[in-house]
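Asks: First the structure, then my questions, so here it is.
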Amino acid sequence: MKTVFTYISIIFLVSYSAYSQSHDSLAMLLKHKIEKATTDSARIEYKIELVEKMRRFDSDTSRIIINDVLKQLEEIQSSELYYKKNKAQAFNYLGIIDSKQGNAENALSNYLRALDTSEAIKDSTTIGFSLHNLGMFYRRQKDYKKAKRYFKNAIAIKEKLTNVESIAVSHHMLAVTYYANKQNDSSLIYISKVKALPCSKTRIAKVNGSLAAIHYSNKEFDKSIAIYKENVGISKGIRDQSELSISYLNVAVLYNALKEYDKALPYLDSAITIAKKLKSKGLLLKQYYSRSNLNETRKEYQQALQDYKIYKVYHDSINDTEKVKRITALELNHKFEKEKQADRLQLENEAAKKRLYLVLFALTMILGGIILWLTRKNAKQRLALTKSTLEKEQLEKVKAELALATRENELKNIVVENSLRQEILNKTLGEIKNVIQLKDEKERRSALQSLSASLLSENATQKNTTDLQSYLDTVSIDFKVILDNQFPKLSEKEKELLCLMTLGLNATEISKLQNSTLSAIKSSRSRIRKKIRVDSKEDIIEYIKNTTM
């Protein structure tokens, strides 16, 4: 497996190096054109063209360039249709960059500004582009109804134009939306429409990925993996890093489904490496989740837990409920903004009067407050001064006592921690030596499992409740399902105790994990036996597992 991973890594580095050289050459060419341009219109056009090429592999630089374009357009202050069209294009690309970097609210705001600008000048090209981007936005938000509407509106406009690639993109994204909405027949219709068009290799690769996904959902794994491997070659040929990362992930998922786990892992590692360079939160979310499941299957539980934690970070970042509220508010603000414009002039006079009344009222309240304050000032001043002095002395005394107590506790904790670490280290080294001396492979594996359980127990003080519960959900999910279905009378704490017993932990180790006493653990086991009516001589774990047989 290490040899395979090394080979794939070398291929990736070579292809990425060639890709970087191509990117540098293109950047230098466009930079030269920008420097040699003699008009503002030419410079703006070349900068937008540069962003269109760079946005897939260098989002940060693309953002700087497009912001510079918008600043330049703001300084020009021209009413010519050409500049307004460029402004709509700039807002669209800024929205694409925001969406790629996980800034959903900014992306929606920029797409709506692009649509407003393009509709104002009645430019079909930028209207179609803006509608398509809004469809992409709502597809990512899983609002498939809105996404379909925007894509269909975009297609209706694009079909009147001559840009085949642009039409193919919207057909494809509509197919992806139908697939996400579990409407495979409709998805296949739009996939066939894309394949009937003379598209680029990039689009063919992307639509192949959608077709392979449908084969995968139908459990036609051989067809699916053949398409995804073809896409790896296409992506390398056209040097599309985003599509290459997706293709690697798809191949890994299929190998996982075929239970060829050692083949799946190198593809997942390559996919994650590319996604990190692209700073794509959406790709990293899927890839870390897949690698967590794969490591769990391979019984690499520690790595599986680490990957799952990273997945949760990306998941919480993308699925921010407050962000959803802000997006909804942004949609409503845009919807009603145009309606408010018609009434704004009429309301301005009334608003001015209200502001005047509020100012007068505020001044009256302030003057009344000043008068009241002056009348009571002399009476309270001496009392406040005396009270302040006394409180300051007491505060200094409390602070000194608190600092002394804190330092004393810190010193105690340091001594205890150092002692515990040394004790655990000595104990672990001794147990490792004993395991190495075992000749029987079965006894050695059993000893290693016992050692792992012991280390998990010793590390309990460093884990919080959420981490322990998440780890048990990952490692003992089947056993937990049996407990939930067959023994509903058991409490969550009792179920957790039983799950820990399945890991081979003894009562002492479990008491550390559950932050409880040894006697409390023994009492809990006795109560569990009474609840499920198991004799004290019978193995309680085996009894529970046998209930489903």
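Here, A, B, ... name the chains of the structure tokens in the order displayed, residue numbers run from 1 inside each chain, and ligands are numbered from 1 in the same displayed order.
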Can you tell me which residues surround range 157-169 of chain A at a distance of at most 6 Å, considering only C-alpha atoms, apart from same-chain residues fewer than 4 positions away, and format the answer as a list of chain:residue names?
Replies: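 So the residues in contact are A:Gly128, A:Val194, A:Cys199.
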Asks: Okay, now the selection with C-alpha atoms, as a short mmCIF file (atom, residue, chain, number, x, y, z; two decimals), in the first residue's frame?
Replies:
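And here's selection_0.cif as it stands now:
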data_model
loop_
_atom_site.label_atom_id
_atom_site.label_comp_id
_atom_site.auth_asym_id
_atom_site.auth_seq_id
_atom_site.Cartn_x
_atom_site.Cartn_y
_atom_site.Cartn_z
CA GLY A 128 -27.99 33.93 -18.15
CA VAL A 194 -25.22 17.54 -22.60
CA CYS A 199 -18.73 20.22 -25.37
#
Asks: In Å, rounded to a single decimal, give me how far CA of Ile225 in chain A is from CA of Leu254 in chain A.
Replies: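 Those two atoms sit 6.3 Å apart.
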Asks: Within 9 Å of Leu283 in chain A, counting only C-alpha atoms, which residues qualify if same-chain residues fewer than 3 places away don't, as a PDB file with C-alpha atoms, in the first residue's frame?
Replies:
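Written output follows (selection01.pdb):
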ATOM      1  CA  SER A 242     -10.919  20.562  -8.776  1.00  0.00           C
ATOM      2  CA  SER A 245      -9.809  15.917  -6.597  1.00  0.00           C
ATOM      3  CA  ILE A 246     -13.444  14.911  -7.134  1.00  0.00           C
ATOM      4  CA  LEU A 249     -12.647  10.857  -4.123  1.00  0.00           C
ATOM      5  CA  ALA A 271      -8.012  13.975  -3.076  1.00  0.00           C
ATOM      6  CA  ILE A 272      -7.536  15.676   0.318  1.00  0.00           C
ATOM      7  CA  ALA A 275      -8.657  20.039  -1.928  1.00  0.00           C
ATOM      8  CA  LYS A 276      -6.429  21.655   0.723  1.00  0.00           C
ATOM      9  CA  LYS A 279      -9.144  25.623  -0.024  1.00  0.00           C
ATOM     10  CA  SER A 280     -12.443  23.923  -0.922  1.00  0.00           C
ATOM     11  CA  LYS A 286     -16.866  14.888   1.964  1.00  0.00           C
ATOM     12  CA  GLN A 287     -13.301  13.591   1.816  1.00  0.00           C
ATOM     13  CA  TYR A 288     -12.610  13.606   5.556  1.00  0.00           C
TER      14      TYR A 288
END
Asks: Could you name the residues that touch Asp307 in chain A at 7 Å or less, counting only C-alpha atoms, but leaving out those on the same chain fewer than 4 positions away, as a list in words?
Replies: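 Returned residues: Tyr288, Tyr289, Arg291, Ser292, Gln303 and Tyr311 of chain A.
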Asks: Give me a file of those residues, with C-alpha atoms, as a PDB file, in the first residue's frame.
Replies:
ATOM      1  CA  TYR A 288     -12.610  13.606   5.556  1.00  0.00           C
ATOM      2  CA  TYR A 289     -15.973  11.925   6.191  1.00  0.00           C
ATOM      3  CA  ARG A 291     -11.642   8.685   5.131  1.00  0.00           C
ATOM      4  CA  SER A 292     -13.109   8.462   8.643  1.00  0.00           C
ATOM      5  CA  GLN A 303      -7.240   7.891  12.888  1.00  0.00           C
ATOM      6  CA  TYR A 311     -15.124  16.531   9.241  1.00  0.00           C
TER       7      TYR A 311
END
Asks: I'd like the neighbourhood of Leu285 in chain A as a list in words, where a residue qualifies if any of its atoms comes within 9 Å (using only C-alpha atoms), though same-chain residues fewer than 6 positions away should be ignored.
Replies: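 The residues satisfying every condition are Ile310, Tyr311, Lys312, Val313, Tyr314, His315 and Ile318 of chain A.
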Asks: Hey, which of A:Leu483, A:Ala264, A:Ala107, A:Leu211 ends up closest to Asp185 in chain A? Count only C-alpha atoms.
Replies: A:Leu211
Asks: Between CA of Gly209 in chain A and CA of Asn231 in chain A, measure the distance and give it in Å to one decimal.
Replies: 7.3 Å
Asks: For CA of Asp240 in chain A and CA of Ile227 in chain A, determine how far apart the two atoms are, in Å to one decimal place.
Replies: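 Computing the Euclidean distance for CA of Asp240 in chain A and CA of Ile227 in chain A yields 16.6 Å.
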